[in-house]
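Asker: Before we start, here is the structure in question, set down as structure tokens.
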Amino acid sequence: MAQRNGLTLTDILITVVIALVFAVIYSLWDGIYTILQPFGLHLNELIYGMWFIAAIVAYLVIRKPGVALIAEFAAASGETIVLLQFDISLIMYGLIQGLVCELIFMFFKYKSTSLMVAALAGIAAALSTLPLDWYYGYLGMLETWNLVLMFSFRILSGALVAGWLGHLLYKALKETGVLKFVGQRHDNSHEGL
């Protein structure tokens, strides 16, 4: 049977299911993030990467163009539903984060499922939050050292929580055998480092 390059209805449905699972996790994660805020020194930023993970996991499972963008948008939209409050800024963050992850995956021609690519996508998603944080006024009161510390922790979290943990979830799913009939299956895919 011939392999289809574009997204199939099954690909989209699996992507949305992954996104909805992470939408629930995102809404619960907000509580953990908030609990860490009073400890200072932006320790809460060390777990910020969870909000980038839907795009990475969905891409690793499906490996087709558009999946990361759809997953992160659907997860952000789903989070607004779970939280019972419409928040356009949340949806904007989801769109931008999904888009930058998509650019990383496109650079690797949608063939690599390596930890390095997952970590790079997490780092790119973390960096993409800077302009939006500035636009929404979240950064105006921070001193330069504080801003550097905040984004260093966020970038580290993007690499570890979104990249490494996302890759770990993908590997666990792959070991169960449930991914045999899902997404793009390349003979020449790169799973190294």
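Ordering of the structure tokens sets the chain letters (A, B, ...); residue numbers start at 1 within each chain; ligands are numbered from 1 in the order shown.
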Might you pull out every residue within 12 Å of region 104-107 of chain A, with only C-alpha atoms counted and same-chain residues fewer than 3 positions away left off, and present them as a PyMOL selection string?
Answerer: chain A and resi 55-60+62-69+97-101+110-114+116-125
Asker: Step one, run DSSP on the backbone; step two, keep only residues of region 35-193 of chain A assigned to helix (DSSP H, G or I); then write them as a PyMOL selection string.
Answerer: chain A and resi 35-39+43-62+67-82+88-107+115-135+144-176
Asker: Record the distance separating CA of Met92 (chain A) and CA of Trp29 (chain A), expressed in Å with one decimal.
Answerer: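 For CA of Met92 (chain A) relative to CA of Trp29 (chain A), the distance reads 18.5 Å.
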Asker: If I take CA of Leu156 (chain A) and CA of Ser77 (chain A), how far is one from the other in Å, to one decimal?
Answerer: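 Those two atoms sit 25.2 Å apart.
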Asker: I'd like the interatomic distance between CA of Leu13 (chain A) and CA of Val61 (chain A), to a tenth of an Å.
Answerer: 12.4 Å
Asker: Between A:Tyr138, A:Glu175, A:Ser128, A:Gln85, which residue has the minimum interatomic distance to Leu103 (chain A), considering only C-alpha atoms?
Answerer: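 Selected residue with least distance to Leu103 (chain A): A:Ser128.
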Asker: Report as a ChimeraX atom specification all protein, DNA and RNA residues lying within 6 Å of Gly166 (chain A), evaluated on only C-alpha atoms, omitting residues in the same chain fewer than 3 positions from it.
Answerer: /A:53,57,162-163,169
Asker: For each of A:Leu46, A:Leu28, A:Ala19, A:Met141, take the minimum atom-to-atom distance to Leu83 (chain A), counting only C-alpha atoms, then give the residue where this is smallest.
Answerer: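 Between A:Leu46, A:Leu28, A:Ala19, A:Met141, the residue approaching Leu83 (chain A) most closely is A:Leu28.
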Asker: Using only C-alpha atoms, can you tell me which of A:Ile96, A:Val182, A:Pro131, A:Leu41 comes closest to Ile12 (chain A)?
Answerer: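 Closest candidate: A:Val182.
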Asker: Just the residues within 6 Å of Ser157 (chain A), please, counting only C-alpha atoms, with nothing from its chain fewer than 3 positions along; format it as a ChimeraX atom specification.
Answerer: /A:46-47,49,154,160-161
Asker: What's around Met150 (chain A) at 12 Å? Count only C-alpha atoms, leave out sequence neighbours fewer than 6 positions away in its own chain, and write the answer as a tab-separated table (two decimals) with N, CA, C and O atoms, in the first residue's frame.
Answerer:
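Dumped everything to out-v1.tsv:
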```
chain	number	residue	atom	x	y	z
A	37	GLN	N	6.17	29.62	42.16
A	37	GLN	CA	6.48	31.04	42.00
A	37	GLN	C	6.98	31.72	43.27
A	37	GLN	O	7.95	32.49	43.20
A	40	GLY	N	10.89	32.12	44.43
A	40	GLY	CA	11.81	33.09	43.85
A	40	GLY	C	12.80	32.49	42.87
A	40	GLY	O	12.79	31.29	42.59
A	41	LEU	N	13.64	33.35	42.34
A	41	LEU	CA	14.67	32.99	41.37
A	41	LEU	C	14.14	32.22	40.18
A	41	LEU	O	14.85	31.45	39.55
A	42	HIS	N	12.88	32.39	39.89
A	42	HIS	CA	12.25	31.80	38.71
A	42	HIS	C	12.36	30.27	38.67
A	42	HIS	O	12.49	29.69	37.58
A	43	LEU	N	12.30	29.63	39.81
A	43	LEU	CA	12.34	28.17	39.83
A	43	LEU	C	11.18	27.57	39.06
A	43	LEU	O	11.29	26.48	38.51
A	44	ASN	N	10.06	28.30	39.00
A	44	ASN	CA	8.90	27.82	38.24
A	44	ASN	C	9.22	27.68	36.75
A	44	ASN	O	8.60	26.88	36.06
A	45	GLU	N	10.19	28.42	36.27
A	45	GLU	CA	10.56	28.35	34.85
A	45	GLU	C	11.22	27.00	34.51
A	45	GLU	O	11.26	26.62	33.35
A	46	LEU	N	11.70	26.30	35.52
A	46	LEU	CA	12.32	25.00	35.28
A	46	LEU	C	11.31	23.94	34.85
A	46	LEU	O	11.69	22.88	34.36
A	47	ILE	N	10.02	24.22	35.03
A	47	ILE	CA	8.99	23.28	34.58
A	47	ILE	C	8.13	23.86	33.46
A	47	ILE	O	7.17	23.24	33.03
A	48	TYR	N	8.48	25.02	32.97
A	48	TYR	CA	7.72	25.72	31.93
A	48	TYR	C	7.63	24.91	30.63
A	48	TYR	O	6.68	25.03	29.88
A	126	ALA	N	10.79	27.56	23.65
A	126	ALA	CA	11.10	28.42	24.81
A	126	ALA	C	11.51	29.82	24.34
A	126	ALA	O	11.04	30.83	24.89
A	127	LEU	N	12.36	29.88	23.34
A	127	LEU	CA	12.80	31.18	22.82
A	127	LEU	C	11.64	31.96	22.19
A	127	LEU	O	11.62	33.19	22.25
A	129	THR	N	8.75	32.28	23.23
A	129	THR	CA	7.88	32.93	24.22
A	129	THR	C	8.37	34.32	24.60
A	129	THR	O	7.60	35.12	25.13
A	130	LEU	N	9.63	34.63	24.34
A	130	LEU	CA	10.19	35.93	24.70
A	130	LEU	C	9.44	37.10	24.07
A	130	LEU	O	9.01	38.01	24.78
A	133	ASP	N	5.94	37.33	25.66
A	133	ASP	CA	6.03	37.81	27.04
A	133	ASP	C	6.28	39.31	27.07
A	133	ASP	O	5.71	40.03	27.89
A	138	TYR	N	4.90	41.10	30.44
A	138	TYR	CA	5.35	40.27	31.55
A	138	TYR	C	6.81	40.51	31.93
A	138	TYR	O	7.26	40.05	32.96
A	139	LEU	N	7.54	41.22	31.08
A	139	LEU	CA	8.97	41.36	31.30
A	139	LEU	C	9.41	42.75	31.72
A	139	LEU	O	10.56	42.95	32.07
A	142	LEU	N	11.44	43.39	35.10
A	142	LEU	CA	12.58	42.54	35.43
A	142	LEU	C	13.90	43.23	35.11
A	142	LEU	O	14.06	43.85	34.06
A	143	GLU	N	14.85	43.08	36.01
A	143	GLU	CA	16.21	43.53	35.75
A	143	GLU	C	16.84	42.57	34.74
A	143	GLU	O	16.38	41.45	34.56
A	144	THR	N	17.90	43.01	34.09
A	144	THR	CA	18.55	42.21	33.06
A	144	THR	C	18.99	40.85	33.60
A	144	THR	O	18.75	39.82	32.96
A	156	LEU	N	16.32	25.74	29.39
A	156	LEU	CA	16.70	24.44	29.96
A	156	LEU	C	15.46	23.55	30.09
A	156	LEU	O	15.50	22.36	29.74
A	157	SER	N	14.37	24.12	30.53
A	157	SER	CA	13.13	23.37	30.65
A	157	SER	C	12.60	22.94	29.29
A	157	SER	O	12.08	21.83	29.15
```
Asker: Between A:Trp51, A:Trp134, A:Phe39, A:Phe86, single out the one closest to Leu165 (chain A), counting only C-alpha atoms.
Answerer: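 Closest to Leu165 (chain A), using only C-alpha atoms: A:Trp51.
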